[in-house]
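Q: First the structure, then my questions, so here it is.
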Amino acid sequence: MKRIFITATNTNIGKTYTTKLLLEEFAFRGIRVGAIKPIETGVASFPLDAQEILTSLKRLNNEFKDIKIDDIAPITYKLPAAPFVASGNAPLDLKLLDDAVEKIEKLCDLLIIEGAGGLYTPIDKDFMMIDLISHFGASALLVTHCSLGCINDTLLSKKALDDKNIKYTVAFNCRENDNDFAITSKDYFLKSNLDVLKVGENIKEICDILLEI
(Lines give C-alpha, C1' and ligand atoms only; values in the text may rest on other atoms or scores of the structure.)
Protein backbone atom coordinates (compact mmCIF):
# COMPACT_ATOMS: atom_id res chain seq x y z
CA MET A 1 0.00 0.00 0.00
CA LYS A 2 1.33 3.40 -1.02
CA ARG A 3 0.15 6.49 0.86
CA ILE A 4 0.67 9.99 -0.56
CA PHE A 5 -0.32 13.05 1.44
CA ILE A 6 -1.21 16.17 -0.58
CA THR A 7 -0.30 19.34 1.28
CA ALA A 8 0.30 22.94 0.24
CA THR A 9 1.98 26.17 1.21
CA ASN A 10 -1.41 27.62 2.22
CA THR A 11 -5.12 27.27 1.61
CA ASN A 12 -6.61 27.69 -1.87
CA ILE A 13 -3.38 26.62 -3.61
CA GLY A 14 -4.89 23.72 -5.58
CA LYS A 15 -4.76 20.56 -3.48
CA THR A 16 -8.06 19.13 -4.75
CA TYR A 17 -7.24 20.01 -8.36
CA THR A 18 -3.89 18.26 -7.95
CA THR A 19 -5.46 15.26 -6.23
CA LYS A 20 -7.84 14.72 -9.14
CA LEU A 21 -5.05 14.91 -11.71
CA LEU A 22 -2.98 12.41 -9.74
CA LEU A 23 -5.92 10.03 -9.50
CA GLU A 24 -6.41 10.26 -13.27
CA GLU A 25 -2.76 9.57 -14.06
CA PHE A 26 -2.30 6.73 -11.57
CA ALA A 27 -5.55 5.08 -12.72
CA PHE A 28 -4.40 5.42 -16.36
CA ARG A 29 -1.35 3.37 -15.35
CA GLY A 30 -3.60 0.59 -14.11
CA ILE A 31 -3.22 1.34 -10.40
CA ARG A 32 -6.27 0.87 -8.15
CA VAL A 33 -6.59 4.38 -6.75
CA GLY A 34 -8.29 5.69 -3.65
CA ALA A 35 -8.44 9.00 -1.84
CA ILE A 36 -9.68 10.57 1.36
CA LYS A 37 -9.89 14.09 2.76
CA PRO A 38 -9.79 13.43 6.52
CA ILE A 39 -10.83 16.95 7.55
CA GLU A 40 -12.73 19.55 5.53
CA THR A 41 -13.76 22.93 6.90
CA GLY A 42 -16.06 25.57 5.43
CA VAL A 43 -18.76 22.96 4.92
CA ALA A 44 -22.04 24.89 5.01
CA SER A 45 -24.16 21.94 3.90
CA PHE A 46 -21.97 19.65 1.81
CA PRO A 47 -18.20 18.96 1.59
CA LEU A 48 -17.50 20.21 -1.92
CA ASP A 49 -13.85 19.12 -2.12
CA ALA A 50 -14.70 15.63 -0.95
CA GLN A 51 -17.54 15.44 -3.47
CA GLU A 52 -15.15 16.27 -6.33
CA ILE A 53 -12.81 13.53 -5.14
CA LEU A 54 -15.61 10.96 -4.77
CA THR A 55 -16.95 11.76 -8.25
CA SER A 56 -13.50 11.07 -9.71
CA LEU A 57 -13.09 7.87 -7.71
CA LYS A 58 -16.43 6.42 -8.80
CA ARG A 59 -15.39 6.95 -12.41
CA LEU A 60 -11.87 5.58 -11.99
CA ASN A 61 -12.39 2.68 -9.55
CA ASN A 62 -15.58 0.60 -9.64
CA GLU A 63 -14.97 -0.58 -6.09
CA PHE A 64 -16.01 2.88 -4.85
CA LYS A 65 -19.57 2.53 -6.13
CA ASP A 66 -21.01 2.16 -2.61
CA ILE A 67 -18.73 4.65 -0.86
CA LYS A 68 -20.51 7.67 0.65
CA ILE A 69 -19.34 11.25 1.03
CA ASP A 70 -18.89 10.76 4.79
CA ASP A 71 -16.37 8.03 4.03
CA ILE A 72 -14.28 10.48 2.01
CA ALA A 73 -14.63 13.36 4.49
CA PRO A 74 -15.11 11.76 7.92
CA ILE A 75 -14.62 15.05 9.81
CA THR A 76 -16.27 18.29 8.62
CA TYR A 77 -16.79 21.71 10.18
CA LYS A 78 -19.01 24.57 9.08
CA LEU A 79 -16.65 27.45 9.81
CA PRO A 80 -14.08 28.12 7.04
CA ALA A 81 -11.12 28.20 9.41
CA ALA A 82 -8.37 26.01 10.79
CA PRO A 83 -9.83 22.86 12.38
CA PHE A 84 -8.62 24.04 15.80
CA VAL A 85 -10.86 27.09 15.49
CA ALA A 86 -13.68 25.52 13.49
CA SER A 87 -14.08 22.71 16.03
CA GLY A 88 -13.89 24.91 19.11
CA ASN A 89 -10.60 23.14 19.95
CA ALA A 90 -12.22 19.72 20.08
CA PRO A 91 -9.65 16.91 20.46
CA LEU A 92 -8.77 15.18 17.21
CA ASP A 93 -10.35 11.72 16.97
CA LEU A 94 -7.45 9.80 15.45
CA LYS A 95 -9.27 6.48 15.71
CA LEU A 96 -12.07 7.85 13.54
CA LEU A 97 -9.52 8.85 10.90
CA ASP A 98 -7.63 5.56 11.15
CA ASP A 99 -10.86 3.60 10.70
CA ALA A 100 -11.82 5.75 7.71
CA VAL A 101 -8.43 5.21 6.07
CA GLU A 102 -8.62 1.47 6.71
CA LYS A 103 -12.04 1.29 5.03
CA ILE A 104 -10.85 3.14 1.93
CA GLU A 105 -7.58 1.20 1.68
CA LYS A 106 -9.47 -2.07 1.28
CA LEU A 107 -10.57 -0.76 -2.11
CA CYS A 108 -7.25 0.48 -3.50
CA ASP A 109 -3.51 -0.05 -3.78
CA LEU A 110 -2.53 3.62 -3.73
CA LEU A 111 -4.17 6.07 -1.33
CA ILE A 112 -4.06 9.82 -1.73
CA ILE A 113 -4.73 11.72 1.50
CA GLU A 114 -5.62 15.37 0.97
CA GLY A 115 -4.85 17.74 3.81
CA ALA A 116 -6.55 21.00 4.76
CA GLY A 117 -4.73 24.31 4.62
CA GLY A 118 -0.95 24.32 5.01
CA LEU A 119 1.47 22.21 7.02
CA TYR A 120 1.15 24.18 10.23
CA THR A 121 -2.61 24.49 10.16
CA PRO A 122 -3.60 23.57 13.74
CA ILE A 123 -6.03 20.68 14.18
CA ASP A 124 -6.17 20.67 17.97
CA LYS A 125 -3.85 21.75 20.77
CA ASP A 126 -1.47 18.87 20.09
CA PHE A 127 -1.74 18.19 16.34
CA MET A 128 -0.80 20.22 13.30
CA MET A 129 -1.62 19.12 9.74
CA ILE A 130 2.01 18.10 9.21
CA ASP A 131 1.66 15.61 12.07
CA LEU A 132 -0.96 13.70 10.11
CA ILE A 133 1.60 12.94 7.41
CA SER A 134 3.85 11.20 9.94
CA HIS A 135 0.89 9.55 11.67
CA PHE A 136 -0.24 7.96 8.41
CA GLY A 137 3.30 6.98 7.41
CA ALA A 138 2.89 8.79 4.10
CA SER A 139 5.21 10.53 1.70
CA ALA A 140 4.10 14.00 0.65
CA LEU A 141 3.50 16.20 -2.35
CA LEU A 142 3.94 19.87 -1.51
CA VAL A 143 1.82 21.98 -3.84
CA THR A 144 3.04 25.55 -4.06
CA HIS A 145 1.94 28.61 -6.00
CA CYS A 146 3.68 30.67 -8.69
CA SER A 147 2.79 34.20 -7.62
CA LEU A 148 5.13 36.65 -5.94
CA GLY A 149 6.13 35.28 -2.53
CA CYS A 150 6.31 31.66 -3.65
CA ILE A 151 10.04 31.45 -2.87
CA ASN A 152 9.52 32.26 0.81
CA ASP A 153 6.40 30.12 1.12
CA THR A 154 7.98 27.14 -0.60
CA LEU A 155 11.23 27.26 1.37
CA LEU A 156 9.42 27.51 4.71
CA SER A 157 7.26 24.49 3.89
CA LYS A 158 10.24 22.51 2.58
CA LYS A 159 12.11 23.19 5.82
CA ALA A 160 9.13 22.02 7.87
CA LEU A 161 9.04 18.74 5.95
CA ASP A 162 12.81 18.32 6.18
CA ASP A 163 12.75 18.91 9.93
CA LYS A 164 10.19 16.10 10.30
CA ASN A 165 12.20 13.77 8.02
CA ILE A 166 9.23 13.38 5.70
CA LYS A 167 9.92 12.22 2.15
CA TYR A 168 8.40 14.63 -0.33
CA THR A 169 8.55 16.34 -3.68
CA VAL A 170 7.33 19.76 -4.80
CA ALA A 171 4.90 20.72 -7.57
CA PHE A 172 3.99 24.21 -8.75
CA ASN A 173 0.37 25.04 -9.48
CA CYS A 174 0.73 27.98 -11.86
CA ARG A 175 -2.46 29.80 -12.80
CA GLU A 176 -3.34 32.04 -15.72
CA ASN A 177 -2.45 35.26 -13.89
CA ASP A 178 0.98 33.99 -12.80
CA ASN A 179 2.74 35.48 -15.82
CA ASP A 180 5.59 36.93 -13.73
CA PHE A 181 6.77 33.58 -12.34
CA ALA A 182 9.48 33.14 -14.98
CA ILE A 183 10.79 36.63 -14.21
CA THR A 184 10.48 36.84 -10.42
CA SER A 185 10.92 33.31 -9.06
CA LYS A 186 11.63 30.45 -11.45
CA ASP A 187 15.34 31.18 -11.88
CA TYR A 188 15.93 30.96 -8.13
CA PHE A 189 14.43 27.48 -7.92
CA LEU A 190 16.37 26.24 -10.93
CA LYS A 191 19.66 27.56 -9.56
CA SER A 192 18.81 25.93 -6.21
CA ASN A 193 18.56 22.55 -7.95
CA LEU A 194 14.81 22.30 -7.47
CA ASP A 195 13.01 20.99 -10.53
CA VAL A 196 10.12 23.26 -11.46
CA LEU A 197 7.46 20.63 -12.11
CA LYS A 198 4.08 22.15 -12.88
CA VAL A 199 0.90 20.36 -11.87
CA GLY A 200 -0.87 21.07 -15.14
CA GLU A 201 2.04 20.19 -17.42
CA ASN A 202 4.24 17.64 -15.66
CA ILE A 203 1.79 15.34 -13.89
CA LYS A 204 3.45 12.21 -15.36
CA GLU A 205 6.87 13.20 -14.00
CA ILE A 206 5.34 14.09 -10.63
CA CYS A 207 3.67 10.67 -10.43
CA ASP A 208 6.95 8.95 -11.32
CA ILE A 209 8.71 10.67 -8.42
CA LEU A 210 5.87 9.99 -5.97
CA LEU A 211 6.03 6.27 -6.76
CA GLU A 212 9.75 6.24 -6.00
CA ILE A 213 9.91 8.15 -2.70
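As shown in the C-alpha coordinates, the chain order sets the letters A, B, ...; within each chain, residues go from 1, and ligands are also counted from 1 in the order they appear.
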Please provide the set of residues having any atom within 9 Å of region 78-87 of chain A, restricted to only C-alpha atoms, with same-chain residues fewer than 6 positions apart removed, written as a list of chain:residue names.

A: A:Ile39, A:Glu40, A:Thr41, A:Gly42, A:Val43, A:Ala44, A:Ser45, A:Ala116, A:Gly117, A:Thr121, A:Pro122, A:Ile123, A:Asp124, A:Lys125

Q: So that I can check the surroundings of region 69-77 of chain A, please list as JSON, numbers by chain every protein, DNA and RNA residue that reaches within 12 Å of it, counting only C-alpha atoms and ignoring chain neighbours fewer than 6 positions away.

A: {"A": [34, 35, 36, 37, 38, 39, 40, 41, 42, 43, 44, 45, 46, 47, 48, 49, 50, 51, 52, 53, 54, 55, 56, 57, 58, 83, 84, 85, 86, 87, 88, 89, 90, 91, 92, 93, 94, 95, 96, 97, 98, 99, 100, 101, 102, 103, 104, 105, 111, 112, 113, 114, 115, 116, 123]}

Q: Could you pull out the helix (DSSP H, G or I) residues of region 10-159 of chain A from DSSP and send them as an NGL selection string?

A: :A and (15-28 or 48-60 or 62-64 or 69-72 or 83-86 or 94-105 or 129-135 or 150-159)

Q: Contacts of Thr169 (chain A) at 12 Å or less, counting only C-alpha atoms, minus same-chain residues fewer than 5 places along, as an MDAnalysis selection string?

A: chainID A and resid 4:8 139:144 154 157:158 161:162 194:199 205:213

Q: Limited to N, CA and C atoms, could you put the picked residues into a file as a PDB file, in the first residue's frame?

A:
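part.pdb was written with the following content:
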ATOM      1  N   ILE A   4       0.128   8.698  -0.145  1.00  0.00           N
ATOM      2  CA  ILE A   4       0.669   9.987  -0.558  1.00  0.00           C
ATOM      3  C   ILE A   4      -0.206  11.089   0.032  1.00  0.00           C
ATOM      4  N   PHE A   5       0.411  11.970   0.790  1.00  0.00           N
ATOM      5  CA  PHE A   5      -0.325  13.052   1.436  1.00  0.00           C
ATOM      6  C   PHE A   5      -0.137  14.321   0.604  1.00  0.00           C
ATOM      7  N   ILE A   6      -1.259  14.933   0.204  1.00  0.00           N
ATOM      8  CA  ILE A   6      -1.214  16.167  -0.579  1.00  0.00           C
ATOM      9  C   ILE A   6      -1.353  17.351   0.368  1.00  0.00           C
ATOM     10  N   THR A   7      -0.287  18.157   0.435  1.00  0.00           N
ATOM     11  CA  THR A   7      -0.300  19.338   1.276  1.00  0.00           C
ATOM     12  C   THR A   7       0.037  20.542   0.424  1.00  0.00           C
ATOM     13  N   ALA A   8       0.051  21.728   1.012  1.00  0.00           N
ATOM     14  CA  ALA A   8       0.299  22.940   0.235  1.00  0.00           C
ATOM     15  C   ALA A   8       0.906  24.014   1.123  1.00  0.00           C
ATOM     16  N   SER A 139       4.351   9.545   2.331  1.00  0.00           N
ATOM     17  CA  SER A 139       5.213  10.530   1.699  1.00  0.00           C
ATOM     18  C   SER A 139       4.310  11.709   1.323  1.00  0.00           C
ATOM     19  N   ALA A 140       4.910  12.806   0.865  1.00  0.00           N
ATOM     20  CA  ALA A 140       4.101  14.004   0.651  1.00  0.00           C
ATOM     21  C   ALA A 140       4.375  14.640  -0.696  1.00  0.00           C
ATOM     22  N   LEU A 141       3.357  15.298  -1.216  1.00  0.00           N
ATOM     23  CA  LEU A 141       3.503  16.202  -2.348  1.00  0.00           C
ATOM     24  C   LEU A 141       3.170  17.591  -1.851  1.00  0.00           C
ATOM     25  N   LEU A 142       4.146  18.484  -1.902  1.00  0.00           N
ATOM     26  CA  LEU A 142       3.942  19.869  -1.508  1.00  0.00           C
ATOM     27  C   LEU A 142       3.536  20.674  -2.735  1.00  0.00           C
ATOM     28  N   VAL A 143       2.307  21.146  -2.747  1.00  0.00           N
ATOM     29  CA  VAL A 143       1.816  21.980  -3.845  1.00  0.00           C
ATOM     30  C   VAL A 143       2.048  23.440  -3.467  1.00  0.00           C
ATOM     31  N   THR A 144       2.767  24.141  -4.317  1.00  0.00           N
ATOM     32  CA  THR A 144       3.038  25.545  -4.058  1.00  0.00           C
ATOM     33  C   THR A 144       2.513  26.392  -5.209  1.00  0.00           C
ATOM     34  N   THR A 154       7.507  28.481  -0.267  1.00  0.00           N
ATOM     35  CA  THR A 154       7.981  27.139  -0.604  1.00  0.00           C
ATOM     36  C   THR A 154       9.125  26.714   0.299  1.00  0.00           C
ATOM     37  N   SER A 157       7.940  25.785   3.842  1.00  0.00           N
ATOM     38  CA  SER A 157       7.265  24.489   3.890  1.00  0.00           C
ATOM     39  C   SER A 157       8.248  23.340   3.676  1.00  0.00           C
ATOM     40  N   LYS A 158       9.217  23.535   2.786  1.00  0.00           N
ATOM     41  CA  LYS A 158      10.243  22.515   2.584  1.00  0.00           C
ATOM     42  C   LYS A 158      11.026  22.267   3.874  1.00  0.00           C
ATOM     43  N   LEU A 161       9.043  20.155   6.321  1.00  0.00           N
ATOM     44  CA  LEU A 161       9.043  18.739   5.953  1.00  0.00           C
ATOM     45  C   LEU A 161      10.402  18.103   6.214  1.00  0.00           C
ATOM     46  N   ASP A 162      11.464  18.832   5.901  1.00  0.00           N
ATOM     47  CA  ASP A 162      12.810  18.322   6.177  1.00  0.00           C
ATOM     48  C   ASP A 162      13.022  18.091   7.666  1.00  0.00           C
ATOM     49  N   LEU A 194      16.164  22.794  -7.671  1.00  0.00           N
ATOM     50  CA  LEU A 194      14.806  22.301  -7.471  1.00  0.00           C
ATOM     51  C   LEU A 194      14.105  22.284  -8.821  1.00  0.00           C
ATOM     52  N   ASP A 195      13.725  21.096  -9.269  1.00  0.00           N
ATOM     53  CA  ASP A 195      13.012  20.995 -10.535  1.00  0.00           C
ATOM     54  C   ASP A 195      11.678  21.732 -10.447  1.00  0.00           C
ATOM     55  N   VAL A 196      11.401  22.548 -11.424  1.00  0.00           N
ATOM     56  CA  VAL A 196      10.122  23.260 -11.458  1.00  0.00           C
ATOM     57  C   VAL A 196       9.122  22.401 -12.235  1.00  0.00           C
ATOM     58  N   LEU A 197       8.464  21.514 -11.516  1.00  0.00           N
ATOM     59  CA  LEU A 197       7.460  20.633 -12.106  1.00  0.00           C
ATOM     60  C   LEU A 197       6.088  21.254 -11.884  1.00  0.00           C
ATOM     61  N   LYS A 198       5.371  21.487 -12.963  1.00  0.00           N
ATOM     62  CA  LYS A 198       4.076  22.146 -12.878  1.00  0.00           C
ATOM     63  C   LYS A 198       2.952  21.114 -12.908  1.00  0.00           C
ATOM     64  N   VAL A 199       1.993  21.316 -12.019  1.00  0.00           N
ATOM     65  CA  VAL A 199       0.897  20.361 -11.874  1.00  0.00           C
ATOM     66  C   VAL A 199       0.185  20.140 -13.201  1.00  0.00           C
ATOM     67  N   GLU A 205       5.591  13.171 -14.724  1.00  0.00           N
ATOM     68  CA  GLU A 205       6.866  13.196 -14.003  1.00  0.00           C
ATOM     69  C   GLU A 205       6.653  13.243 -12.496  1.00  0.00           C
ATOM     70  N   ILE A 206       5.647  14.009 -12.071  1.00  0.00           N
ATOM     71  CA  ILE A 206       5.338  14.089 -10.635  1.00  0.00           C
ATOM     72  C   ILE A 206       4.930  12.719 -10.104  1.00  0.00           C
ATOM     73  N   CYS A 207       4.109  12.013 -10.842  1.00  0.00           N
ATOM     74  CA  CYS A 207       3.668  10.672 -10.426  1.00  0.00           C
ATOM     75  C   CYS A 207       4.858   9.711 -10.360  1.00  0.00           C
ATOM     76  N   ASP A 208       5.767   9.810 -11.332  1.00  0.00           N
ATOM     77  CA  ASP A 208       6.952   8.948 -11.325  1.00  0.00           C
ATOM     78  C   ASP A 208       7.731   9.132 -10.029  1.00  0.00           C
ATOM     79  N   ILE A 209       7.939  10.381  -9.639  1.00  0.00           N
ATOM     80  CA  ILE A 209       8.710  10.670  -8.420  1.00  0.00           C
ATOM     81  C   ILE A 209       7.955  10.171  -7.194  1.00  0.00           C
ATOM     82  N   LEU A 210       6.656  10.406  -7.146  1.00  0.00           N
ATOM     83  CA  LEU A 210       5.874   9.987  -5.971  1.00  0.00           C
ATOM     84  C   LEU A 210       5.889   8.475  -5.794  1.00  0.00           C
ATOM     85  N   LEU A 211       5.969   7.726  -6.871  1.00  0.00           N
ATOM     86  CA  LEU A 211       6.031   6.267  -6.760  1.00  0.00           C
ATOM     87  C   LEU A 211       7.385   5.797  -6.253  1.00  0.00           C
ATOM     88  N   GLU A 212       8.384   6.633  -6.398  1.00  0.00           N
ATOM     89  CA  GLU A 212       9.754   6.244  -6.004  1.00  0.00           C
ATOM     90  C   GLU A 212      10.096   6.618  -4.565  1.00  0.00           C
ATOM     91  N   ILE A 213       9.509   7.689  -4.045  1.00  0.00           N
ATOM     92  CA  ILE A 213       9.908   8.153  -2.699  1.00  0.00           C
ATOM     93  C   ILE A 213       9.090   7.468  -1.618  1.00  0.00           C
TER      94      ILE A 213
END

Q: Please determine, counting only C-alpha atoms, which residue among A:Val170, A:Ile13, A:Ile31, A:Leu110 has the shortest atom-to-atom distance to Met1 (chain A).

A: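 Closest candidate: A:Leu110.
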
Q: To test your reading of the structure, identify every residue in region 36-202 of chain A that backbone DSSP assigns to strand (DSSP E or B), and report it as a PyMOL selection string.

A: chain A and resi 36+39-40+75-76+110-114+122+128+139-145+168-173+198

Q: Mind dumping the selected residues with N, CA and C atoms as an mmCIF file, in the first residue's frame?

A:
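Full text of selection.cif as output:
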data_model
loop_
_atom_site.group_PDB
_atom_site.id
_atom_site.type_symbol
_atom_site.label_atom_id
_atom_site.label_comp_id
_atom_site.auth_asym_id
_atom_site.auth_seq_id
_atom_site.Cartn_x
_atom_site.Cartn_y
_atom_site.Cartn_z
ATOM 1 N N ILE A 36 -8.891 10.154 0.201
ATOM 2 C CA ILE A 36 -9.676 10.570 1.357
ATOM 3 C C ILE A 36 -9.251 11.981 1.742
ATOM 4 N N ILE A 39 -10.197 15.806 6.901
ATOM 5 C CA ILE A 39 -10.832 16.949 7.549
ATOM 6 C C ILE A 39 -11.131 18.006 6.493
ATOM 7 N N GLU A 40 -12.375 18.448 6.429
ATOM 8 C CA GLU A 40 -12.734 19.546 5.535
ATOM 9 C C GLU A 40 -13.509 20.596 6.321
ATOM 10 N N ILE A 75 -14.493 13.943 8.866
ATOM 11 C CA ILE A 75 -14.620 15.052 9.806
ATOM 12 C C ILE A 75 -14.858 16.335 9.015
ATOM 13 N N THR A 76 -15.970 17.019 9.276
ATOM 14 C CA THR A 76 -16.269 18.291 8.618
ATOM 15 C C THR A 76 -16.695 19.324 9.655
ATOM 16 N N LEU A 110 -3.204 2.349 -3.936
ATOM 17 C CA LEU A 110 -2.528 3.620 -3.728
ATOM 18 C C LEU A 110 -3.545 4.601 -3.165
ATOM 19 N N LEU A 111 -3.238 5.158 -2.007
ATOM 20 C CA LEU A 111 -4.166 6.065 -1.331
ATOM 21 C C LEU A 111 -3.616 7.472 -1.318
ATOM 22 N N ILE A 112 -4.400 8.410 -1.816
ATOM 23 C CA ILE A 112 -4.058 9.821 -1.726
ATOM 24 C C ILE A 112 -4.846 10.429 -0.569
ATOM 25 N N ILE A 113 -4.123 11.081 0.329
ATOM 26 C CA ILE A 113 -4.728 11.721 1.498
ATOM 27 C C ILE A 113 -4.580 13.226 1.324
ATOM 28 N N GLU A 114 -5.686 13.920 1.188
ATOM 29 C CA GLU A 114 -5.621 15.366 0.966
ATOM 30 C C GLU A 114 -5.776 16.115 2.280
ATOM 31 N N PRO A 122 -3.344 24.318 12.503
ATOM 32 C CA PRO A 122 -3.600 23.568 13.743
ATOM 33 C C PRO A 122 -4.910 22.778 13.687
ATOM 34 N N MET A 128 -0.785 19.373 14.474
ATOM 35 C CA MET A 128 -0.800 20.224 13.297
ATOM 36 C C MET A 128 -1.029 19.328 12.080
ATOM 37 N N SER A 139 4.351 9.545 2.331
ATOM 38 C CA SER A 139 5.213 10.530 1.699
ATOM 39 C C SER A 139 4.310 11.709 1.323
ATOM 40 N N ALA A 140 4.910 12.806 0.865
ATOM 41 C CA ALA A 140 4.101 14.004 0.651
ATOM 42 C C ALA A 140 4.375 14.640 -0.696
ATOM 43 N N LEU A 141 3.357 15.298 -1.216
ATOM 44 C CA LEU A 141 3.503 16.202 -2.348
ATOM 45 C C LEU A 141 3.170 17.591 -1.851
ATOM 46 N N LEU A 142 4.146 18.484 -1.902
ATOM 47 C CA LEU A 142 3.942 19.869 -1.508
ATOM 48 C C LEU A 142 3.536 20.674 -2.735
ATOM 49 N N VAL A 143 2.307 21.146 -2.747
ATOM 50 C CA VAL A 143 1.816 21.980 -3.845
ATOM 51 C C VAL A 143 2.048 23.440 -3.467
ATOM 52 N N THR A 144 2.767 24.141 -4.317
ATOM 53 C CA THR A 144 3.038 25.545 -4.058
ATOM 54 C C THR A 144 2.513 26.392 -5.209
ATOM 55 N N HIS A 145 2.497 27.707 -4.999
ATOM 56 C CA HIS A 145 1.940 28.610 -6.005
ATOM 57 C C HIS A 145 3.062 29.249 -6.813
ATOM 58 N N TYR A 168 9.341 13.804 0.404
ATOM 59 C CA TYR A 168 8.395 14.634 -0.334
ATOM 60 C C TYR A 168 8.991 15.091 -1.650
ATOM 61 N N THR A 169 8.124 15.601 -2.502
ATOM 62 C CA THR A 169 8.545 16.339 -3.679
ATOM 63 C C THR A 169 7.649 17.558 -3.801
ATOM 64 N N VAL A 170 8.024 18.481 -4.676
ATOM 65 C CA VAL A 170 7.330 19.759 -4.804
ATOM 66 C C VAL A 170 6.739 19.883 -6.201
ATOM 67 N N ALA A 171 5.534 20.433 -6.282
ATOM 68 C CA ALA A 171 4.902 20.723 -7.571
ATOM 69 C C ALA A 171 4.333 22.137 -7.525
ATOM 70 N N PHE A 172 4.457 22.826 -8.639
ATOM 71 C CA PHE A 172 3.992 24.208 -8.751
ATOM 72 C C PHE A 172 2.653 24.243 -9.474
ATOM 73 N N ASN A 173 1.674 24.872 -8.846
ATOM 74 C CA ASN A 173 0.368 25.041 -9.481
ATOM 75 C C ASN A 173 0.281 26.470 -10.012
ATOM 76 N N LYS A 198 5.371 21.487 -12.963
ATOM 77 C CA LYS A 198 4.076 22.146 -12.878
ATOM 78 C C LYS A 198 2.952 21.114 -12.908
#

Q: Which residue, A:Lys167, A:Lys68, A:Gly118, A:Arg29, has the smallest gap to Lys15 (chain A) when you use only C-alpha atoms?

A: A:Gly118

Q: Quick one: distance from CA of Lys204 (chain A) to CA of Asp66 (chain A) in Å, one decimal?

A: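 A separation of 29.4 Å between them.
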